[in-house]
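Listing of work_4.cif; format and content: mmCIF, N, CA and C atoms.
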data_upload
#
loop_
_atom_site.label_atom_id
_atom_site.label_comp_id
_atom_site.auth_asym_id
_atom_site.auth_seq_id
_atom_site.Cartn_x
_atom_site.Cartn_y
_atom_site.Cartn_z
N PHE K 1 99.67 113.36 55.76
CA PHE K 1 100.85 114.03 56.29
C PHE K 1 101.41 115.04 55.30
N ALA K 2 101.25 114.71 54.02
CA ALA K 2 101.74 115.64 53.00
C ALA K 2 100.93 116.93 53.03
N VAL K 3 99.63 116.82 53.29
CA VAL K 3 98.79 118.01 53.37
C VAL K 3 99.20 118.87 54.55
N ILE K 4 99.44 118.24 55.68
CA ILE K 4 99.86 118.98 56.87
C ILE K 4 101.23 119.62 56.63
N TYR K 5 102.12 118.89 55.95
CA TYR K 5 103.43 119.44 55.64
C TYR K 5 103.31 120.64 54.72
N ARG K 6 102.41 120.55 53.74
CA ARG K 6 102.25 121.63 52.76
C ARG K 6 101.53 122.83 53.35
N MET K 7 100.47 122.62 54.10
CA MET K 7 99.64 123.72 54.58
C MET K 7 99.98 124.17 56.00
N GLY K 8 100.79 123.41 56.69
CA GLY K 8 101.12 123.76 58.07
C GLY K 8 100.22 123.02 59.04
N PRO K 9 100.58 123.03 60.31
CA PRO K 9 99.77 122.29 61.29
C PRO K 9 98.42 122.97 61.49
N PRO K 10 97.38 122.16 61.75
CA PRO K 10 96.06 122.75 61.98
C PRO K 10 96.03 123.52 63.30
N THR K 11 95.37 124.66 63.30
CA THR K 11 95.31 125.47 64.51
C THR K 11 93.89 125.58 65.06
N ASP K 12 92.89 125.31 64.23
CA ASP K 12 91.51 125.41 64.68
C ASP K 12 91.20 124.24 65.62
N HIS K 13 90.55 124.53 66.75
CA HIS K 13 90.29 123.48 67.73
C HIS K 13 89.31 122.44 67.20
N ARG K 14 88.41 122.82 66.30
CA ARG K 14 87.49 121.85 65.72
C ARG K 14 88.22 120.86 64.81
N THR K 15 89.17 121.36 64.06
CA THR K 15 89.96 120.48 63.20
C THR K 15 90.78 119.52 64.05
N LEU K 16 91.36 120.03 65.12
CA LEU K 16 92.13 119.16 66.02
C LEU K 16 91.24 118.11 66.66
N ASN K 17 90.01 118.48 67.03
CA ASN K 17 89.07 117.50 67.59
C ASN K 17 88.73 116.43 66.56
N LEU K 18 88.49 116.82 65.31
CA LEU K 18 88.18 115.84 64.27
C LEU K 18 89.34 114.87 64.06
N ILE K 19 90.56 115.39 64.04
CA ILE K 19 91.73 114.53 63.88
C ILE K 19 91.85 113.57 65.05
N THR K 20 91.64 114.08 66.26
CA THR K 20 91.72 113.24 67.45
C THR K 20 90.67 112.14 67.42
N TRP K 21 89.43 112.48 67.09
CA TRP K 21 88.36 111.48 67.04
C TRP K 21 88.62 110.45 65.95
N PHE K 22 89.14 110.88 64.82
CA PHE K 22 89.44 109.95 63.74
C PHE K 22 90.53 108.96 64.17
N MET K 23 91.56 109.47 64.82
CA MET K 23 92.63 108.59 65.28
C MET K 23 92.13 107.61 66.34
N GLN K 24 91.24 108.05 67.22
CA GLN K 24 90.67 107.15 68.22
C GLN K 24 89.81 106.09 67.57
N LEU K 25 89.02 106.47 66.56
CA LEU K 25 88.20 105.50 65.85
C LEU K 25 89.07 104.47 65.14
N VAL K 26 90.12 104.93 64.51
CA VAL K 26 91.04 104.00 63.82
C VAL K 26 91.67 103.04 64.83
N SER K 27 92.04 103.53 65.99
CA SER K 27 92.65 102.65 66.99
C SER K 27 91.65 101.62 67.50
N LEU K 28 90.38 102.01 67.68
CA LEU K 28 89.37 101.04 68.11
C LEU K 28 89.13 99.99 67.04
N VAL K 29 89.10 100.40 65.77
CA VAL K 29 88.95 99.44 64.68
C VAL K 29 90.15 98.50 64.63
N MET K 30 91.34 99.02 64.86
CA MET K 30 92.53 98.16 64.86
C MET K 30 92.50 97.16 66.01
N ILE K 31 91.99 97.58 67.17
CA ILE K 31 91.84 96.64 68.28
C ILE K 31 90.87 95.53 67.90
N PHE K 32 89.76 95.90 67.27
CA PHE K 32 88.76 94.91 66.91
C PHE K 32 89.29 93.93 65.87
N VAL K 33 90.02 94.43 64.89
CA VAL K 33 90.49 93.59 63.79
C VAL K 33 91.72 92.76 64.19
N SER K 34 92.44 93.18 65.20
CA SER K 34 93.73 92.55 65.50
C SER K 34 93.62 91.23 66.26
N SER K 35 92.44 90.82 66.66
CA SER K 35 92.30 89.61 67.46
C SER K 35 91.34 88.63 66.81
N TYR K 36 91.61 87.33 67.02
CA TYR K 36 90.69 86.30 66.54
C TYR K 36 89.47 86.22 67.44
N HIS K 37 89.60 86.62 68.70
CA HIS K 37 88.50 86.58 69.65
C HIS K 37 87.73 87.89 69.57
N GLN K 38 86.73 87.90 68.71
CA GLN K 38 85.99 89.13 68.49
C GLN K 38 85.18 89.54 69.71
N THR K 39 84.73 88.58 70.50
CA THR K 39 83.98 88.94 71.71
C THR K 39 84.88 89.63 72.71
N ALA K 40 86.11 89.14 72.84
CA ALA K 40 87.06 89.78 73.76
C ALA K 40 87.44 91.17 73.24
N SER K 41 87.62 91.29 71.94
CA SER K 41 87.94 92.60 71.36
C SER K 41 86.79 93.57 71.57
N THR K 42 85.57 93.09 71.37
CA THR K 42 84.41 93.95 71.56
C THR K 42 84.29 94.37 73.02
N ALA K 43 84.52 93.43 73.93
CA ALA K 43 84.46 93.76 75.35
C ALA K 43 85.53 94.79 75.72
N LEU K 44 86.72 94.63 75.17
CA LEU K 44 87.79 95.59 75.44
C LEU K 44 87.43 96.97 74.89
N ILE K 45 86.85 97.02 73.71
CA ILE K 45 86.43 98.30 73.13
C ILE K 45 85.35 98.95 73.99
N ILE K 46 84.41 98.15 74.48
CA ILE K 46 83.35 98.70 75.35
C ILE K 46 83.94 99.24 76.63
N VAL K 47 84.90 98.52 77.20
CA VAL K 47 85.56 98.99 78.43
C VAL K 47 86.30 100.30 78.16
N ILE K 48 87.02 100.39 77.07
CA ILE K 48 87.78 101.60 76.74
C ILE K 48 86.85 102.79 76.53
N VAL K 49 85.76 102.59 75.78
CA VAL K 49 84.82 103.68 75.52
C VAL K 49 84.12 104.09 76.81
N SER K 50 83.75 103.11 77.65
CA SER K 50 83.11 103.44 78.93
C SER K 50 84.06 104.20 79.83
N TRP K 51 85.32 103.77 79.86
CA TRP K 51 86.32 104.44 80.70
C TRP K 51 86.54 105.88 80.26
N SER K 52 86.52 106.12 78.96
CA SER K 52 86.73 107.48 78.48
C SER K 52 85.51 108.37 78.73
N ALA K 53 84.33 107.75 78.95
CA ALA K 53 83.12 108.52 79.21
C ALA K 53 83.04 109.01 80.66
N ILE K 54 83.81 108.38 81.55
CA ILE K 54 83.80 108.78 82.96
C ILE K 54 84.60 110.06 83.10
N PRO K 55 84.07 111.06 83.82
CA PRO K 55 84.81 112.32 83.98
C PRO K 55 86.15 112.11 84.70
N ALA K 56 87.15 112.87 84.29
CA ALA K 56 88.50 112.74 84.84
C ALA K 56 88.51 113.04 86.33
N ARG K 57 87.69 113.97 86.77
CA ARG K 57 87.65 114.33 88.18
C ARG K 57 87.19 113.15 89.04
N LEU K 58 86.20 112.41 88.56
CA LEU K 58 85.71 111.25 89.28
C LEU K 58 86.77 110.15 89.31
N LYS K 59 87.43 109.90 88.17
CA LYS K 59 88.49 108.88 88.13
C LYS K 59 89.62 109.24 89.08
N SER K 60 89.97 110.52 89.13
CA SER K 60 91.05 110.96 90.01
C SER K 60 90.67 110.76 91.47
N GLY K 61 89.43 111.10 91.83
CA GLY K 61 88.98 110.93 93.20
C GLY K 61 88.98 109.47 93.63
N VAL K 62 88.51 108.59 92.76
CA VAL K 62 88.50 107.16 93.07
C VAL K 62 89.92 106.64 93.20
N ASN K 63 90.81 107.08 92.31
CA ASN K 63 92.21 106.67 92.38
C ASN K 63 92.83 107.10 93.70
N THR K 64 92.54 108.31 94.14
CA THR K 64 93.07 108.80 95.42
C THR K 64 92.55 107.96 96.57
N GLN K 65 91.26 107.65 96.57
CA GLN K 65 90.69 106.85 97.65
C GLN K 65 91.30 105.45 97.69
N ILE K 66 91.50 104.85 96.53
CA ILE K 66 92.11 103.51 96.48
C ILE K 66 93.53 103.55 97.02
N ARG K 67 94.30 104.56 96.62
CA ARG K 67 95.67 104.66 97.10
C ARG K 67 95.72 104.89 98.61
N LYS K 68 94.81 105.70 99.13
CA LYS K 68 94.79 105.96 100.57
C LYS K 68 94.40 104.71 101.35
N ARG K 69 93.45 103.94 100.82
CA ARG K 69 92.94 102.80 101.54
C ARG K 69 93.86 101.59 101.48
N PHE K 70 94.41 101.29 100.31
CA PHE K 70 95.17 100.05 100.15
C PHE K 70 96.68 100.22 100.15
N PHE K 71 97.18 101.40 99.85
CA PHE K 71 98.62 101.60 99.76
C PHE K 71 99.06 102.69 100.73
N LYS K 72 98.80 102.45 102.01
CA LYS K 72 99.17 103.42 103.02
C LYS K 72 100.69 103.45 103.17
N PRO K 73 101.26 104.64 103.26
CA PRO K 73 102.71 104.70 103.44
C PRO K 73 103.10 104.20 104.83
N LYS K 74 104.20 103.51 104.89
CA LYS K 74 104.70 103.00 106.16
C LYS K 74 105.39 104.14 106.89
N VAL K 75 104.84 104.49 108.04
CA VAL K 75 105.40 105.58 108.83
C VAL K 75 106.28 104.98 109.90
N LYS K 76 107.55 105.38 109.90
CA LYS K 76 108.48 104.89 110.90
C LYS K 76 108.66 105.99 111.94
N LEU K 77 108.25 105.69 113.15
CA LEU K 77 108.40 106.67 114.22
C LEU K 77 109.80 106.57 114.81
N LEU K 78 110.38 107.72 115.12
CA LEU K 78 111.71 107.76 115.69
C LEU K 78 111.65 107.61 117.20
N SER K 79 112.67 106.96 117.74
CA SER K 79 112.79 106.93 119.20
C SER K 79 113.32 108.30 119.63
N GLU K 80 113.30 108.54 120.93
CA GLU K 80 113.75 109.84 121.43
C GLU K 80 115.23 110.05 121.14
N GLU K 81 116.01 108.99 121.26
CA GLU K 81 117.45 109.09 120.98
C GLU K 81 117.70 109.40 119.50
N GLU K 82 116.99 108.70 118.59
CA GLU K 82 117.14 108.96 117.16
C GLU K 82 116.71 110.39 116.82
N TYR K 83 115.64 110.85 117.46
CA TYR K 83 115.15 112.21 117.23
C TYR K 83 116.21 113.23 117.65
N ASN K 84 116.76 113.05 118.82
CA ASN K 84 117.79 113.98 119.31
C ASN K 84 119.03 113.96 118.41
N THR K 85 119.44 112.77 117.99
CA THR K 85 120.60 112.65 117.11
C THR K 85 120.35 113.34 115.78
N GLN K 86 119.18 113.11 115.21
CA GLN K 86 118.85 113.73 113.93
C GLN K 86 118.74 115.25 114.07
N ALA K 87 118.16 115.72 115.16
CA ALA K 87 118.06 117.16 115.39
C ALA K 87 119.44 117.79 115.51
N HIS K 88 120.34 117.13 116.21
CA HIS K 88 121.70 117.63 116.38
C HIS K 88 122.43 117.70 115.04
N VAL K 89 122.34 116.64 114.26
CA VAL K 89 123.02 116.58 112.97
C VAL K 89 122.46 117.65 112.01
N GLU K 90 121.15 117.76 111.94
CA GLU K 90 120.54 118.73 111.02
C GLU K 90 120.82 120.17 111.45
N THR K 91 120.82 120.43 112.74
CA THR K 91 121.12 121.77 113.22
C THR K 91 122.56 122.14 112.89
N LYS K 92 123.46 121.19 113.10
CA LYS K 92 124.87 121.42 112.79
C LYS K 92 125.06 121.69 111.29
N ARG K 93 124.39 120.91 110.46
CA ARG K 93 124.49 121.09 109.02
C ARG K 93 123.94 122.45 108.59
N ALA K 94 122.79 122.85 109.15
CA ALA K 94 122.20 124.13 108.80
C ALA K 94 123.07 125.29 109.24
N LEU K 95 123.70 125.17 110.41
CA LEU K 95 124.60 126.23 110.87
C LEU K 95 125.82 126.34 109.97
N GLU K 96 126.33 125.22 109.49
CA GLU K 96 127.47 125.24 108.58
C GLU K 96 127.08 125.91 107.25
N GLU K 97 125.88 125.60 106.76
CA GLU K 97 125.41 126.25 105.54
C GLU K 97 125.28 127.76 105.75
N LEU K 98 124.78 128.16 106.90
CA LEU K 98 124.63 129.58 107.21
C LEU K 98 125.99 130.26 107.27
N LYS K 99 126.97 129.60 107.88
CA LYS K 99 128.32 130.17 107.96
C LYS K 99 128.92 130.36 106.57
N THR K 100 128.77 129.35 105.73
CA THR K 100 129.34 129.47 104.38
C THR K 100 128.63 130.56 103.58
N PHE K 101 127.32 130.73 103.79
CA PHE K 101 126.61 131.79 103.09
C PHE K 101 127.07 133.16 103.57
N VAL K 102 127.23 133.31 104.88
CA VAL K 102 127.63 134.62 105.44
C VAL K 102 129.03 134.99 104.96
N ARG K 103 129.90 134.01 104.80
CA ARG K 103 131.27 134.29 104.36
C ARG K 103 131.36 134.47 102.84
N SER K 104 130.33 134.11 102.10
CA SER K 104 130.38 134.21 100.65
C SER K 104 130.14 135.65 100.21
N PRO K 105 130.56 135.99 98.98
CA PRO K 105 130.34 137.35 98.47
C PRO K 105 128.86 137.64 98.18
N GLU K 106 128.02 136.62 98.08
CA GLU K 106 126.59 136.84 97.85
C GLU K 106 125.91 137.46 99.06
N SER K 107 126.49 137.25 100.21
CA SER K 107 125.90 137.78 101.45
C SER K 107 126.15 139.28 101.54
N LYS K 108 125.12 140.02 101.82
CA LYS K 108 125.23 141.46 102.02
C LYS K 108 124.72 141.77 103.42
N PRO K 109 125.61 141.73 104.41
CA PRO K 109 125.14 141.82 105.80
C PRO K 109 124.47 143.16 106.13
N TRP K 110 124.93 144.26 105.55
CA TRP K 110 124.35 145.52 105.90
C TRP K 110 122.94 145.66 105.33
N GLN K 111 122.70 145.09 104.19
CA GLN K 111 121.34 145.10 103.65
C GLN K 111 120.41 144.25 104.52
N THR K 112 120.92 143.14 104.99
CA THR K 112 120.12 142.28 105.85
C THR K 112 119.78 142.96 107.17
N VAL K 113 120.77 143.62 107.75
CA VAL K 113 120.56 144.31 109.03
C VAL K 113 119.63 145.50 108.87
N SER K 114 119.74 146.22 107.77
CA SER K 114 118.94 147.43 107.58
C SER K 114 117.46 147.12 107.30
N ARG K 115 117.15 145.91 106.98
CA ARG K 115 115.75 145.56 106.72
C ARG K 115 115.05 145.58 108.00
#
Please render this file's structure as structure tokens.
Amino acid sequence: FAVIYRMGPPTDHRTLNLITWFMQLVSLVMIFVSSYHQTASTALIIVIVSWSAIPARLKSGVNTQIRKRFFKPKVKLLSEEEYNTQAHVETKRALEELKTFVRSPESKPWQTVSR
């Protein structure tokens, strides 16, 4: 850290890659050393390294498929009365917003009409 403080942050992408790989290696060694169950630690390290070897695009696609298949959103359909009530309320609200905008100084009616 003293070297980075003295010389400034590294800007070369190869240097950044080396730092990243070193930190990942240190973290894997810490996982291995931190447990009495070395077989479980080794298995966890293998899973982590295997997971990082899978392309992000593939992981994202699988994640999307799992979410679509198992966590479908609950769609609540409106009755006709609820639909009409909601349409009335939203239309009234939108008209009120339009009225307040037209009455505000931000509104320039002649520019709007001339378009």
Can you pull out the residues contacting Phe32 of chain K? Cut-off 7 Å, using only C-alpha atoms, and skip same-chain residues under 5 positions away; I want them as a short mmCIF file (atom, residue, chain, number, x, y, z; two decimals) with N, CA and C atoms, keeping the file's coordinate frame.
data_model
loop_
_atom_site.label_atom_id
_atom_site.label_comp_id
_atom_site.auth_asym_id
_atom_site.auth_seq_id
_atom_site.Cartn_x
_atom_site.Cartn_y
_atom_site.Cartn_z
N GLN K 38 86.73 87.90 68.71
CA GLN K 38 85.99 89.13 68.49
C GLN K 38 85.18 89.54 69.71
N SER K 41 87.62 91.29 71.94
CA SER K 41 87.94 92.60 71.36
C SER K 41 86.79 93.57 71.57
N THR K 42 85.57 93.09 71.37
CA THR K 42 84.41 93.95 71.56
C THR K 42 84.29 94.37 73.02
#
Segment 82-98 of chain K, all listed atoms, 3 Å padding on each side: what axis-aligned box centre and edge lengths in Å to one decimal come out, as lines of an AutoDock Vina configuration file?
center_x = 121.3
center_y = 119.5
center_z = 112.4
size_x = 18.3
size_y = 27.6
size_z = 19.8
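Take atom CA of Ile31 of chain K and atom CA of Pro9 of chain K: the distance between them is 27.7 Å.
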Q. Hey, can you check how far atom CA of Gln24 of chain K sits from atom CA of Val49 of chain K?
A.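 That distance, rounded to one decimal, is 10.0 Å.
Shortest atom-to-atom contact with Val47 of chain K among K:Leu18, K:Leu28, K:Lys68, K:Pro73: K:Leu28, counting only C-alpha atoms.
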Q: Kindly give the distance, in Å, that separates atom CA of Val102 of chain K and atom N of Ser114 of chain K, rounded to a single decimal.
A: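 According to the coordinates, atom CA of Val102 of chain K and atom N of Ser114 of chain K are separated by 14.2 Å.
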Q: Per DSSP on the backbone, filter chain K down to the residues in helix (DSSP H, G or I) and report them as a PyMOL selection string.
A: chain K and resi 2-7+13-33+38-53+56-70+80-103+109-114
How would segment 36-47 of chain K read, as a PDB file, in the frame of the given file, once all heavy atoms are built in?
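Okay, rebuild32.pdb is ready:
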ATOM      1  N   TYR K  36      91.610  87.330  67.020  1.00  0.00           N
ATOM      2  CA  TYR K  36      90.690  86.300  66.540  1.00  0.00           C
ATOM      3  C   TYR K  36      89.470  86.220  67.440  1.00  0.00           C
ATOM      4  O   TYR K  36      88.421  85.779  67.025  1.00  0.00           O
ATOM      5  CB  TYR K  36      91.393  84.941  66.503  1.00  0.00           C
ATOM      6  CG  TYR K  36      92.429  84.847  65.414  1.00  0.00           C
ATOM      7  CD1 TYR K  36      93.767  84.680  65.720  1.00  0.00           C
ATOM      8  CD2 TYR K  36      92.076  84.918  64.084  1.00  0.00           C
ATOM      9  CE1 TYR K  36      94.727  84.601  64.737  1.00  0.00           C
ATOM     10  CE2 TYR K  36      93.020  84.839  63.078  1.00  0.00           C
ATOM     11  CZ  TYR K  36      94.342  84.677  63.415  1.00  0.00           C
ATOM     12  OH  TYR K  36      95.280  84.596  62.434  1.00  0.00           O
ATOM     13  N   HIS K  37      89.600  86.620  68.700  1.00  0.00           N
ATOM     14  CA  HIS K  37      88.500  86.580  69.650  1.00  0.00           C
ATOM     15  C   HIS K  37      87.730  87.890  69.570  1.00  0.00           C
ATOM     16  O   HIS K  37      88.032  88.854  70.276  1.00  0.00           O
ATOM     17  CB  HIS K  37      89.030  86.337  71.071  1.00  0.00           C
ATOM     18  CG  HIS K  37      89.846  85.092  71.192  1.00  0.00           C
ATOM     19  ND1 HIS K  37      89.269  83.839  71.144  1.00  0.00           N
ATOM     20  CD2 HIS K  37      91.167  84.889  71.337  1.00  0.00           C
ATOM     21  CE1 HIS K  37      90.208  82.927  71.267  1.00  0.00           C
ATOM     22  NE2 HIS K  37      91.380  83.533  71.385  1.00  0.00           N
ATOM     23  N   GLN K  38      86.730  87.900  68.710  1.00  0.00           N
ATOM     24  CA  GLN K  38      85.990  89.130  68.490  1.00  0.00           C
ATOM     25  C   GLN K  38      85.180  89.540  69.710  1.00  0.00           C
ATOM     26  O   GLN K  38      84.985  90.724  69.950  1.00  0.00           O
ATOM     27  CB  GLN K  38      85.087  88.992  67.263  1.00  0.00           C
ATOM     28  CG  GLN K  38      85.862  88.934  65.973  1.00  0.00           C
ATOM     29  CD  GLN K  38      84.958  88.881  64.760  1.00  0.00           C
ATOM     30  OE1 GLN K  38      83.758  88.693  64.883  1.00  0.00           O
ATOM     31  NE2 GLN K  38      85.550  89.057  63.584  1.00  0.00           N
ATOM     32  N   THR K  39      84.730  88.580  70.500  1.00  0.00           N
ATOM     33  CA  THR K  39      83.980  88.940  71.710  1.00  0.00           C
ATOM     34  C   THR K  39      84.880  89.630  72.710  1.00  0.00           C
ATOM     35  O   THR K  39      84.472  90.605  73.354  1.00  0.00           O
ATOM     36  CB  THR K  39      83.328  87.696  72.339  1.00  0.00           C
ATOM     37  OG1 THR K  39      84.334  86.708  72.580  1.00  0.00           O
ATOM     38  CG2 THR K  39      82.244  87.133  71.459  1.00  0.00           C
ATOM     39  N   ALA K  40      86.110  89.140  72.840  1.00  0.00           N
ATOM     40  CA  ALA K  40      87.060  89.780  73.760  1.00  0.00           C
ATOM     41  C   ALA K  40      87.440  91.170  73.240  1.00  0.00           C
ATOM     42  O   ALA K  40      87.550  92.116  74.038  1.00  0.00           O
ATOM     43  CB  ALA K  40      88.309  88.912  73.923  1.00  0.00           C
ATOM     44  N   SER K  41      87.620  91.290  71.940  1.00  0.00           N
ATOM     45  CA  SER K  41      87.940  92.600  71.360  1.00  0.00           C
ATOM     46  C   SER K  41      86.790  93.570  71.570  1.00  0.00           C
ATOM     47  O   SER K  41      87.001  94.744  71.923  1.00  0.00           O
ATOM     48  CB  SER K  41      88.225  92.472  69.870  1.00  0.00           C
ATOM     49  OG  SER K  41      89.353  91.680  69.644  1.00  0.00           O
ATOM     50  N   THR K  42      85.570  93.090  71.370  1.00  0.00           N
ATOM     51  CA  THR K  42      84.410  93.950  71.560  1.00  0.00           C
ATOM     52  C   THR K  42      84.290  94.370  73.020  1.00  0.00           C
ATOM     53  O   THR K  42      83.992  95.532  73.322  1.00  0.00           O
ATOM     54  CB  THR K  42      83.123  93.220  71.114  1.00  0.00           C
ATOM     55  OG1 THR K  42      83.302  92.766  69.766  1.00  0.00           O
ATOM     56  CG2 THR K  42      81.918  94.129  71.192  1.00  0.00           C
ATOM     57  N   ALA K  43      84.520  93.430  73.930  1.00  0.00           N
ATOM     58  CA  ALA K  43      84.460  93.760  75.350  1.00  0.00           C
ATOM     59  C   ALA K  43      85.530  94.790  75.720  1.00  0.00           C
ATOM     60  O   ALA K  43      85.254  95.729  76.482  1.00  0.00           O
ATOM     61  CB  ALA K  43      84.641  92.490  76.186  1.00  0.00           C
ATOM     62  N   LEU K  44      86.720  94.630  75.170  1.00  0.00           N
ATOM     63  CA  LEU K  44      87.790  95.590  75.440  1.00  0.00           C
ATOM     64  C   LEU K  44      87.430  96.970  74.890  1.00  0.00           C
ATOM     65  O   LEU K  44      87.652  97.979  75.567  1.00  0.00           O
ATOM     66  CB  LEU K  44      89.100  95.095  74.816  1.00  0.00           C
ATOM     67  CG  LEU K  44      90.320  95.990  75.035  1.00  0.00           C
ATOM     68  CD1 LEU K  44      90.633  96.112  76.516  1.00  0.00           C
ATOM     69  CD2 LEU K  44      91.503  95.459  74.267  1.00  0.00           C
ATOM     70  N   ILE K  45      86.850  97.020  73.710  1.00  0.00           N
ATOM     71  CA  ILE K  45      86.430  98.300  73.130  1.00  0.00           C
ATOM     72  C   ILE K  45      85.350  98.950  73.990  1.00  0.00           C
ATOM     73  O   ILE K  45      85.392 100.154  74.254  1.00  0.00           O
ATOM     74  CB  ILE K  45      85.957  98.101  71.681  1.00  0.00           C
ATOM     75  CG1 ILE K  45      87.156  97.775  70.793  1.00  0.00           C
ATOM     76  CG2 ILE K  45      85.219  99.328  71.166  1.00  0.00           C
ATOM     77  CD1 ILE K  45      86.798  97.354  69.399  1.00  0.00           C
ATOM     78  N   ILE K  46      84.410  98.150  74.480  1.00  0.00           N
ATOM     79  CA  ILE K  46      83.350  98.700  75.350  1.00  0.00           C
ATOM     80  C   ILE K  46      83.940  99.240  76.630  1.00  0.00           C
ATOM     81  O   ILE K  46      83.561 100.312  77.107  1.00  0.00           O
ATOM     82  CB  ILE K  46      82.273  97.624  75.621  1.00  0.00           C
ATOM     83  CG1 ILE K  46      81.492  97.351  74.342  1.00  0.00           C
ATOM     84  CG2 ILE K  46      81.345  98.046  76.750  1.00  0.00           C
ATOM     85  CD1 ILE K  46      80.552  96.176  74.429  1.00  0.00           C
ATOM     86  N   VAL K  47      84.900  98.520  77.200  1.00  0.00           N
ATOM     87  CA  VAL K  47      85.560  98.990  78.430  1.00  0.00           C
ATOM     88  C   VAL K  47      86.300 100.300  78.160  1.00  0.00           C
ATOM     89  O   VAL K  47      86.226 101.251  78.956  1.00  0.00           O
ATOM     90  CB  VAL K  47      86.510  97.913  78.985  1.00  0.00           C
ATOM     91  CG1 VAL K  47      87.418  98.470  80.055  1.00  0.00           C
ATOM     92  CG2 VAL K  47      85.708  96.750  79.544  1.00  0.00           C
TER      93      VAL K  47
END
